[in-house]
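Asker: PDB, C-alpha atoms and all ligand atoms, saved as my_file05.pdb, coming up:
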ATOM      1  CA  MET A   1       0.000   0.000   0.000
ATOM      2  CA  ARG A   2       2.698   2.389   1.090
ATOM      3  CA  LYS A   3       4.805   1.440  -1.900
ATOM      4  CA  THR A   4       1.923   2.256  -4.230
ATOM      5  CA  SER A   5       1.368   5.688  -2.733
ATOM      6  CA  GLU A   6       5.099   6.450  -2.848
ATOM      7  CA  TRP A   7       5.154   5.360  -6.467
ATOM      8  CA  ARG A   8       2.176   7.552  -7.212
ATOM      9  CA  ALA A   9       3.664  10.557  -5.452
ATOM     10  CA  GLU A  10       6.851  10.151  -7.454
ATOM     11  CA  ARG A  11       4.907   9.766 -10.682
ATOM     12  CA  ASN A  12       2.851  12.858  -9.886
ATOM     13  CA  ARG A  13       5.968  14.897  -9.113
ATOM     14  CA  LYS A  14       7.327  14.079 -12.571
ATOM     15  CA  ALA A  15       3.975  14.662 -14.282
ATOM     16  CA  LEU A  16       3.567  18.026 -12.570
ATOM     17  CA  ALA A  17       7.054  19.108 -13.649
ATOM     18  CA  ARG A  18       6.252  18.151 -17.265
ATOM     19  CA  LEU A  19       2.866  19.836 -17.147
ATOM     20  CA  LYS A  20       4.271  23.083 -15.743
ATOM     21  CA  LYS A  21       6.960  23.130 -18.407
ATOM     22  CA  ALA A  22       4.480  22.613 -21.239
ATOM     23  CA  LEU A  23       1.714  24.823 -19.848
ATOM     24  CA  PRO A  24       1.040  28.004 -21.875
ATOM     25  CA  LYS A  25       0.937  31.264 -19.920
ATOM     26  CA  ILE A  26      -2.793  31.422 -20.436
ATOM     27  CA  PHE A  27      -4.674  28.272 -19.512
ATOM     28  CA  PRO A  28      -8.328  27.791 -18.428
ATOM     29  CA  PRO A  29      -8.204  27.903 -14.595
ATOM     30  CA  PRO A  30     -10.925  25.279 -13.915
ATOM     31  CA  VAL A  31      -9.080  22.803 -16.146
ATOM     32  CA  LEU A  32      -5.840  23.362 -14.248
ATOM     33  CA  THR A  33      -7.559  22.979 -10.872
ATOM     34  CA  HIS A  34      -9.179  19.758 -12.048
ATOM     35  CA  ALA A  35      -5.849  18.425 -13.366
ATOM     36  CA  LEU A  36      -3.981  19.176 -10.141
ATOM     37  CA  ASN A  37      -6.628  17.364  -8.099
ATOM     38  CA  ARG A  38      -6.533  14.159 -10.135
ATOM     39  CA  PRO A  39      -5.155  11.014  -8.462
ATOM     40  CA  PHE A  40      -2.808  10.940 -11.480
ATOM     41  CA  ILE A  41      -1.827  14.384 -12.698
ATOM     42  CA  PRO A  42      -1.914  14.568 -16.519
ATOM     43  CA  PRO A  43       1.586  15.397 -17.804
ATOM     44  CA  MET A  44       0.427  17.439 -20.840
ATOM     45  CA  PRO A  45      -1.963  20.412 -21.195
ATOM     46  CA  ARG A  46      -3.985  18.712 -23.912
ATOM     47  CA  ARG A  47      -4.476  15.635 -21.721
ATOM     48  CA  ALA A  48      -5.586  17.925 -18.888
ATOM     49  CA  ILE A  49      -8.233  19.474 -21.154
ATOM     50  CA  ASP A  50      -9.469  16.107 -22.443
ATOM     51  CA  GLY A  51      -9.628  14.764 -18.885
ATOM     52  CA  TYR A  52     -11.594  17.801 -17.748
ATOM     53  CA  TRP A  53     -14.322  17.317 -20.348
ATOM     54  CA  ARG A  54     -14.380  13.553 -19.822
ATOM     55  CA  ALA A  55     -15.128  14.238 -16.173
ATOM     56  CA  HIS A  56     -17.886  16.736 -17.042
ATOM     57  CA  PRO A  57     -19.969  15.087 -19.774
ATOM     58  CA  ILE A  58     -23.141  17.010 -18.984
ATOM     59  CA  ARG A  59     -21.376  20.347 -19.189
ATOM     60  CA  ALA A  60     -19.817  19.152 -22.455
ATOM     61  CA  ASP A  61     -23.238  18.147 -23.810
ATOM     62  CA  ARG A  62     -24.659  21.584 -23.039
ATOM     63  CA  LEU A  63     -21.709  23.549 -24.416
ATOM     64  CA  ALA A  64     -21.338  21.506 -27.614
ATOM     65  CA  ARG A  65     -25.016  22.084 -28.390
ATOM     66  CA  ALA A  66     -24.661  25.800 -27.661
ATOM     67  CA  LEU A  67     -21.751  25.934 -30.129
ATOM     68  CA  ALA A  68     -23.866  24.045 -32.682
ATOM     69  CA  ARG A  69     -26.608  26.643 -32.263
ATOM     70  CA  LYS A  70     -24.090  29.354 -33.163
ATOM     71  CA  SER A  71     -23.362  27.527 -36.430
ATOM     72  CA  GLY A  72     -26.958  26.640 -37.199
ATOM     73  CA  THR A  73     -28.066  24.192 -39.850
ATOM     74  CA  PRO A  74     -25.990  24.518 -43.035
ATOM     75  CA  ALA A  75     -28.103  25.723 -45.952
ATOM     76  CA  GLY A  76     -29.441  22.840 -47.983
ATOM     77  CA  TRP A  77     -28.645  20.175 -45.427
ATOM     78  CA  THR A  78     -31.110  17.466 -44.453
ATOM     79  CA  TRP A  79     -30.641  14.487 -42.177
ATOM     80  CA  ARG A  80     -29.854  11.477 -44.318
ATOM     81  CA  LEU A  81     -28.491   8.029 -43.509
ATOM     82  CA  ALA A  82     -25.788   6.083 -45.310
ATOM     83  CA  THR A  83     -26.900   3.591 -47.903
ATOM     84  CA  SER A  84     -23.433   2.082 -48.358
ATOM     85  CA  GLY A  85     -20.419   1.503 -46.106
ATOM     86  CA  LYS A  86     -18.328   4.077 -47.980
ATOM     87  CA  SER A  87     -20.642   6.976 -47.261
ATOM     88  CA  ASP A  88     -19.721   9.866 -44.951
ATOM     89  CA  LEU A  89     -23.282   9.788 -43.597
ATOM     90  CA  PRO A  90     -24.210   8.031 -40.347
ATOM     91  CA  MET A  91     -25.089   4.343 -40.745
ATOM     92  CA  SER A  92     -28.035   4.484 -38.367
ATOM     93  CA  PHE A  93     -30.489   6.916 -36.804
ATOM     94  CA  ARG A  94     -28.941   5.892 -33.490
ATOM     95  CA  PHE A  95     -25.994   8.240 -34.204
ATOM     96  CA  PRO A  96     -26.592  11.972 -33.879
ATOM     97  CA  PRO A  97     -26.504  13.702 -37.274
ATOM     98  CA  MET A  98     -23.273  15.651 -37.918
ATOM     99  CA  PRO A  99     -23.644  17.950 -40.927
ATOM    100  CA  TYR A 100     -20.222  19.567 -40.506
ATOM    101  CA  ARG A 101     -18.562  16.158 -40.863
ATOM    102  CA  GLU A 102     -20.145  15.585 -44.243
ATOM    103  CA  ARG A 103     -17.977  16.379 -47.251
ATOM    104  CA  GLY A 104     -20.453  18.801 -48.781
ATOM    105  CA  PHE A 105     -20.841  20.891 -45.613
ATOM    106  CA  ALA A 106     -17.486  20.680 -43.769
ATOM    107  CA  ARG A 107     -16.095  24.175 -43.174
ATOM    108  CA  GLY A 108     -12.446  23.293 -43.736
ATOM    109  CA  PRO A 109      -9.234  23.214 -41.670
ATOM    110  CA  GLY A 110      -9.563  24.476 -38.125
ATOM    111  CA  PHE A 111     -13.330  24.071 -37.878
ATOM    112  CA  CYS A 112     -14.995  21.517 -35.622
ATOM    113  CA  GLY A 113     -16.646  18.559 -37.353
ATOM    114  CA  VAL A 114     -19.164  18.274 -34.541
ATOM    115  CA  CYS A 115     -20.399  21.847 -33.985
ATOM    116  CA  GLY A 116     -18.983  23.707 -37.010
ATOM    117  CA  GLN A 117     -17.280  26.431 -34.953
ATOM    118  CA  PRO A 118     -13.570  27.427 -35.122
ATOM    119  CA  VAL A 119     -11.142  25.378 -33.010
ATOM    120  CA  TYR A 120      -8.317  27.158 -31.182
ATOM    121  CA  ARG A 121      -5.126  26.156 -29.420
ATOM    122  CA  LEU A 122      -5.286  22.854 -27.489
ATOM    123  CA  GLY A 123      -8.716  22.105 -28.965
ATOM    124  CA  TRP A 124     -10.259  24.889 -26.871
ATOM    125  CA  HIS A 125     -13.437  26.574 -28.099
ATOM    126  CA  VAL A 126     -12.454  30.145 -27.173
ATOM    127  CA  ASP A 127      -9.400  31.950 -28.552
ATOM    128  CA  LEU A 128      -7.855  32.741 -25.151
ATOM    129  CA  TRP A 129      -4.486  33.263 -26.818
ATOM    130  CA  ARG A 130      -5.612  35.506 -29.689
ATOM    131  CA  GLU A 131      -3.798  33.291 -32.164
ATOM    132  CA  GLY A 132      -6.701  32.586 -34.470
ATOM    133  CA  ARG A 133      -7.950  29.149 -35.276
ATOM    134  CA  ASN A 134      -5.761  26.079 -35.180
ATOM    135  CA  ARG A 135      -5.745  24.857 -38.764
ATOM    136  CA  ASN A 136      -4.572  21.372 -37.777
ATOM    137  CA  ALA A 137      -7.521  20.760 -35.491
ATOM    138  CA  LYS A 138     -10.653  18.932 -36.593
ATOM    139  CA  TRP A 139     -12.762  19.153 -33.439
ATOM    140  CA  HIS A 140     -13.035  20.747 -30.038
ATOM    141  CA  ALA A 141     -12.038  18.808 -26.952
ATOM    142  CA  VAL A 142     -15.473  19.631 -25.529
ATOM    143  CA  CYS A 143     -17.262  18.348 -28.628
ATOM    144  CA  VAL A 144     -15.376  15.038 -28.580
ATOM    145  CA  ALA A 145     -16.550  14.498 -24.996
ATOM    146  CA  ALA A 146     -20.119  15.461 -25.947
ATOM    147  CA  TRP A 147     -20.030  13.177 -28.982
ATOM    148  CA  LYS A 148     -18.961  10.248 -26.773
ATOM    149  CA  PHE A 149     -21.703  11.065 -24.287
ATOM    150  CA  TRP A 150     -24.352  11.221 -27.039
ATOM    151  CA  ASN A 151     -23.240   7.903 -28.500
ATOM    152  CA  ALA A 152     -22.716   5.958 -25.285
ATOM    153  CA  PRO A 153     -24.723   7.555 -22.464
ATOM    154  CA  SER A 154     -24.720   4.180 -20.664
ATOM    155  CA  ASP A 155     -21.045   4.771 -19.861
ATOM    156  CA  HIS A 156     -22.281   7.461 -17.472
ATOM    157  CA  VAL A 157     -25.065   5.494 -15.818
ATOM    158  CA  ARG A 158     -23.619   6.083 -12.338
ATOM    159  CA  LEU A 159     -23.599   9.837 -12.786
ATOM    160  CA  LEU A 160     -27.112   9.850 -14.263
ATOM    161  CA  LYS A 161     -28.424   7.686 -11.414
ATOM    162  CA  ARG A 162     -26.996  10.110  -8.893
ATOM    163  CA  LEU A 163     -28.637  13.067 -10.637
ATOM    164  CA  GLN A 164     -31.993  11.273 -10.445
ATOM    165  CA  GLU A 165     -31.439  10.629  -6.759
ATOM    166  CA  ARG A 166     -31.540   6.926  -7.627
ATOM    167  CA  ARG A 167     -35.246   6.978  -8.486
ATOM    168  CA  CYS A 168     -36.630   5.261 -11.584
ATOM    169  CA  ARG A 169     -38.122   7.891 -13.911
ATOM    170  CA  GLU A 170     -40.805   5.489 -15.145
ATOM    171  CA  THR A 171     -42.018   4.013 -11.868
ATOM    172  CA  GLY A 172     -40.709   6.356  -9.174
ATOM    173  CA  LYS A 173     -39.258   3.327  -7.379
ATOM    174  CA  ARG A 174     -35.704   2.998  -6.209
ATOM    175  CA  LEU A 175     -33.299   2.244  -9.072
ATOM    176  CA  HIS A 176     -31.811  -1.240  -9.039
ATOM    177  CA  LYS A 177     -28.225  -2.098  -9.813
ATOM    178  CA  SER A 178     -29.301  -3.339 -13.240
ATOM    179  CA  ALA A 179     -31.111  -0.073 -14.159
ATOM    180  CA  GLU A 180     -30.547   1.125 -17.718
ATOM    181  CA  VAL A 181     -30.140   4.410 -19.567
ATOM    182  CA  ASP A 182     -33.018   5.113 -21.921
ATOM    183  CA  HIS A 183     -33.952   7.812 -24.447
ATOM    184  CA  ARG A 184     -37.298   9.207 -23.354
ATOM    185  CA  VAL A 185     -38.299   9.902 -26.933
ATOM    186  CA  PRO A 186     -36.863   6.793 -28.597
ATOM    187  CA  LEU A 187     -34.309   7.385 -31.334
ATOM    188  CA  PHE A 188     -36.399   5.640 -34.019
ATOM    189  CA  ARG A 189     -39.198   8.135 -33.375
ATOM    190  CA  ILE A 190     -36.829  11.055 -33.816
ATOM    191  CA  TRP A 191     -35.931   9.679 -37.230
ATOM    192  CA  GLN A 192     -39.556   8.954 -38.100
ATOM    193  CA  GLU A 193     -41.320  11.976 -36.659
ATOM    194  CA  HIS A 194     -38.834  14.741 -35.870
ATOM    195  CA  ARG A 195     -36.456  14.457 -38.808
ATOM    196  CA  ASP A 196     -37.154  18.006 -39.965
ATOM    197  CA  THR A 197     -36.373  19.639 -36.621
ATOM    198  CA  PRO A 198     -33.591  22.223 -37.116
ATOM    199  CA  TRP A 199     -30.274  20.440 -36.570
ATOM    200  CA  PRO A 200     -29.004  22.122 -33.381
ATOM    201  CA  GLN A 201     -32.338  21.303 -31.692
ATOM    202  CA  LEU A 202     -32.258  17.798 -33.095
ATOM    203  CA  LEU A 203     -29.030  17.182 -31.158
ATOM    204  CA  GLY A 204     -30.988  17.821 -27.977
ATOM    205  CA  PHE A 205     -32.626  14.398 -28.377
ATOM    206  CA  TRP A 206     -29.230  12.804 -27.670
ATOM    207  CA  GLY A 207     -28.516  15.145 -24.769
ATOM    208  CA  MET A 208     -29.341  15.176 -21.127
ATOM    209  CA  ALA A 209     -32.935  16.407 -21.573
ATOM    210  CA  ASN A 210     -33.924  13.209 -23.392
ATOM    211  CA  LEU A 211     -32.039  10.775 -21.142
ATOM    212  CA  GLN A 212     -33.351   8.910 -18.158
ATOM    213  CA  VAL A 213     -32.338   5.937 -16.062
ATOM    214  CA  ILE A 214     -35.101   3.405 -15.532
ATOM    215  CA  ASN A 215     -35.290  -0.050 -14.016
ATOM    216  CA  ARG A 216     -34.754  -2.939 -16.371
ATOM    217  CA  GLU A 217     -38.332  -4.250 -16.097
ATOM    218  CA  ALA A 218     -39.740  -0.788 -16.791
ATOM    219  CA  HIS A 219     -37.354  -0.501 -19.747
ATOM    220  CA  ALA A 220     -38.499  -3.855 -21.154
ATOM    221  CA  ALA A 221     -42.141  -2.770 -20.851
ATOM    222  CA  LYS A 222     -41.379   0.573 -22.520
ATOM    223  CA  CYS A 223     -39.552  -1.157 -25.386
ATOM    224  CA  ALA A 224     -42.437  -3.585 -25.875
ATOM    225  CA  GLY A 225     -44.814  -0.617 -26.053
ATOM    226  CA  GLU A 226     -42.542   1.058 -28.607
ATOM    227  CA  ALA A 227     -42.346  -2.097 -30.728
ATOM    228  CA  ASN A 228     -46.108  -2.249 -30.673
ATOM    229  CA  TYR A 229     -46.266   1.379 -31.740
ATOM    230  CA  ARG A 230     -43.838   0.777 -34.618
ATOM    231  CA  HIS A 231     -45.918  -2.157 -35.737
ATOM    232  CA  ARG A 232     -49.081  -0.023 -35.766
ATOM    233  CA  VAL A 233     -47.337   2.766 -37.693
ATOM    234  CA  ARG A 234     -46.108   0.276 -40.286
ATOM    235  CA  ALA A 235     -49.569  -1.257 -40.616
ATOM    236  CA  ALA A 236     -51.121   2.213 -41.070
ATOM    237  CA  GLN A 237     -48.505   3.118 -43.698
ATOM    238  CA  ALA A 238     -49.214  -0.127 -45.576
ATOM    239  CA  GLN A 239     -52.878   0.796 -45.787
ATOM    240  CA  VAL A 240     -52.219   4.161 -47.416
TER     241      VAL A 240
HETATM  242 ZN    ZN A 301     -17.084  21.760 -31.628
END
Spit out the file's structure as structure tokens when you get a sec.
Answerer:
Amino acid sequence: MRKTSEWRAERNRKALARLKKALPKIFPPPVLTHALNRPFIPPMPRRAIDGYWRAHPIRADRLARALARKSGTPAGWTWRLATSGKSDLPMSFRFPPMPYRERGFARGPGFCGVCGQPVYRLGWHVDLWREGRNRNAKWHAVCVAAWKFWNAPSDHVRLLKRLQERRCRETGKRLHKSAEVDHRVPLFRIWQEHRDTPWPQLLGFWGMANLQVINREAHAAKCAGEANYRHRVRAAQAQV
């Protein structure tokens, strides 16, 4: 035990020395505070920034969508899915649509493929250094964290449970260990019924406002209800 903590202290001393050496004069203070309080101090500024957003997925979700709102929907863009493996479009409606990653709408070097806004030094979203955009960057650190959250919210089930005070959103009962993350408005319905929502708002369906943790049995019942609903929609469409 003691050996491990000595080893960690030594490792942290070295990491801190490296970080201080590499740290630009201007650096976001909350990121630095977070880095210095980690059990393992990140040795590079970029790793400190990535670690900060990884630890704050809900903040990242909110900010990435705010940046997307600044960009708006590119003119002429509609949400489409890939029909072949080679396409730059998403393969399924389960992935959030990303117009600024598509060849026809990408804004070029130094613009984020997730939100469409300029990327600055260290993948930051504000030009704290007044250097202009970083032409080698393809996305913001914050948007990468948001993208991961949107695509795999289950990775954050513990955090989401805590925010719900461990109560099931469907039944109001205490959440079990096996409780699952669910999209309140299911993703297939977004594709079927909300496809024409302006893009920045569309992203909201993958964000915090559309997520809930529910007990597994409640989830199974909800999914059965949704399958039933899909079946009815298909039957109605067949009749037309
Ligand atoms: Zn971005």
Asker: May I ask you to write as number ranges by chain all residues lying at most 6 Å from ligand ZN 301 (chain A), with only C-alpha atoms and all ligand atoms counted?
Answerer: A: 64, 112, 114-115, 117, 139-140, 143
Asker: Report as JSON, numbers by chain all protein, DNA and RNA residues lying within 9 Å of A:Pro99, evaluated on all atoms listed in the file, omitting residues in the same chain fewer than 5 positions from it.
Answerer: {"A": [73, 74, 77, 78, 79, 89, 104, 105, 106, 113, 114, 115, 116, 199]}
Asker: For the selection just defined, write its residues with C-alpha atoms to a file, as a PDB file, in the frame of the given file.
Answerer:
ATOM      1  CA  THR A  73     -28.066  24.192 -39.850  1.00  0.00           C
ATOM      2  CA  PRO A  74     -25.990  24.518 -43.035  1.00  0.00           C
ATOM      3  CA  TRP A  77     -28.645  20.175 -45.427  1.00  0.00           C
ATOM      4  CA  THR A  78     -31.110  17.466 -44.453  1.00  0.00           C
ATOM      5  CA  TRP A  79     -30.641  14.487 -42.177  1.00  0.00           C
ATOM      6  CA  LEU A  89     -23.282   9.788 -43.597  1.00  0.00           C
ATOM      7  CA  GLY A 104     -20.453  18.801 -48.781  1.00  0.00           C
ATOM      8  CA  PHE A 105     -20.841  20.891 -45.613  1.00  0.00           C
ATOM      9  CA  ALA A 106     -17.486  20.680 -43.769  1.00  0.00           C
ATOM     10  CA  GLY A 113     -16.646  18.559 -37.353  1.00  0.00           C
ATOM     11  CA  VAL A 114     -19.164  18.274 -34.541  1.00  0.00           C
ATOM     12  CA  CYS A 115     -20.399  21.847 -33.985  1.00  0.00           C
ATOM     13  CA  GLY A 116     -18.983  23.707 -37.010  1.00  0.00           C
ATOM     14  CA  TRP A 199     -30.274  20.440 -36.570  1.00  0.00           C
TER      15      TRP A 199
END
Asker: Would you list the residues near (-9.6, 27.9, -25.5) (no more than 12 Å away, in the coordinates of the file, using all atoms listed in the file) as a VMD selection string?
Answerer: chain A and resid 24 26 to 31 45 to 46 49 118 to 134 140 to 142
Asker: Can you spit out the residues from that selection as a PDB file, keeping the file's coordinate frame, using C-alpha atoms?
Answerer:
ATOM      1  CA  PRO A  24       1.040  28.004 -21.875  1.00  0.00           C
ATOM      2  CA  ILE A  26      -2.793  31.422 -20.436  1.00  0.00           C
ATOM      3  CA  PHE A  27      -4.674  28.272 -19.512  1.00  0.00           C
ATOM      4  CA  PRO A  28      -8.328  27.791 -18.428  1.00  0.00           C
ATOM      5  CA  PRO A  29      -8.204  27.903 -14.595  1.00  0.00           C
ATOM      6  CA  PRO A  30     -10.925  25.279 -13.915  1.00  0.00           C
ATOM      7  CA  VAL A  31      -9.080  22.803 -16.146  1.00  0.00           C
ATOM      8  CA  PRO A  45      -1.963  20.412 -21.195  1.00  0.00           C
ATOM      9  CA  ARG A  46      -3.985  18.712 -23.912  1.00  0.00           C
ATOM     10  CA  ILE A  49      -8.233  19.474 -21.154  1.00  0.00           C
ATOM     11  CA  PRO A 118     -13.570  27.427 -35.122  1.00  0.00           C
ATOM     12  CA  VAL A 119     -11.142  25.378 -33.010  1.00  0.00           C
ATOM     13  CA  TYR A 120      -8.317  27.158 -31.182  1.00  0.00           C
ATOM     14  CA  ARG A 121      -5.126  26.156 -29.420  1.00  0.00           C
ATOM     15  CA  LEU A 122      -5.286  22.854 -27.489  1.00  0.00           C
ATOM     16  CA  GLY A 123      -8.716  22.105 -28.965  1.00  0.00           C
ATOM     17  CA  TRP A 124     -10.259  24.889 -26.871  1.00  0.00           C
ATOM     18  CA  HIS A 125     -13.437  26.574 -28.099  1.00  0.00           C
ATOM     19  CA  VAL A 126     -12.454  30.145 -27.173  1.00  0.00           C
ATOM     20  CA  ASP A 127      -9.400  31.950 -28.552  1.00  0.00           C
ATOM     21  CA  LEU A 128      -7.855  32.741 -25.151  1.00  0.00           C
ATOM     22  CA  TRP A 129      -4.486  33.263 -26.818  1.00  0.00           C
ATOM     23  CA  ARG A 130      -5.612  35.506 -29.689  1.00  0.00           C
ATOM     24  CA  GLU A 131      -3.798  33.291 -32.164  1.00  0.00           C
ATOM     25  CA  GLY A 132      -6.701  32.586 -34.470  1.00  0.00           C
ATOM     26  CA  ARG A 133      -7.950  29.149 -35.276  1.00  0.00           C
ATOM     27  CA  ASN A 134      -5.761  26.079 -35.180  1.00  0.00           C
ATOM     28  CA  HIS A 140     -13.035  20.747 -30.038  1.00  0.00           C
ATOM     29  CA  ALA A 141     -12.038  18.808 -26.952  1.00  0.00           C
ATOM     30  CA  VAL A 142     -15.473  19.631 -25.529  1.00  0.00           C
TER      31      VAL A 142
END
Asker: Counting all atoms listed in the file, which residue out of A:His56, A:Lys173, A:Arg69, A:Lys25 sits closest to A:Leu160?
Answerer: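 Under the stated criterion, the closest residue is A:His56.
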Asker: Could you spell out the hits of the PyMOL selection byres (((chain A and resi 149-155) around 9) and not hetatm) on the shown file, as a list in words?
Answerer: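 That expression, the PyMOL selection byres (((chain A and resi 149-155) around 9) and not hetatm), corresponds here to Arg54, Pro57, Ile58, Ala60, Asp61, Arg94, Phe95, Pro96, Val144, Ala145, Ala146, Trp147, Lys148, His156, Val157, Arg158, Leu160, Glu180, Val181, Asp182, Leu203, Phe205, Trp206, Gly207, Met208 and Leu211 of chain A.
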Asker: Suppose a student applies the PyMOL selection byres (((chain A and resi 177) around 12) and not hetatm) to this structure; what residues should they get, written as a VMD selection string?
Answerer: chain A and resid 157 to 158 161 166 to 168 174 to 176 178 to 181 213 to 216
Asker: At what distance in Å, to one decimal, does atom CA of A:His34 lie from atom CA of A:Lys70?
Answerer: 27.6 Å
Asker: Hey, which of A:Asn228, A:Lys21, A:Tyr52, A:Glu165 ends up closest to A:Ala35? Count only C-alpha atoms.
Answerer: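 Looking at the shortest contact to A:Ala35, the residue is A:Tyr52.
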Asker: In Å, rounded to a single decimal, give me how far atom CA of A:Arg189 is from atom CA of A:Arg232.
Answerer: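 We find that atom CA of A:Arg232 and atom CA of A:Arg189 lie 13.0 Å from each other.
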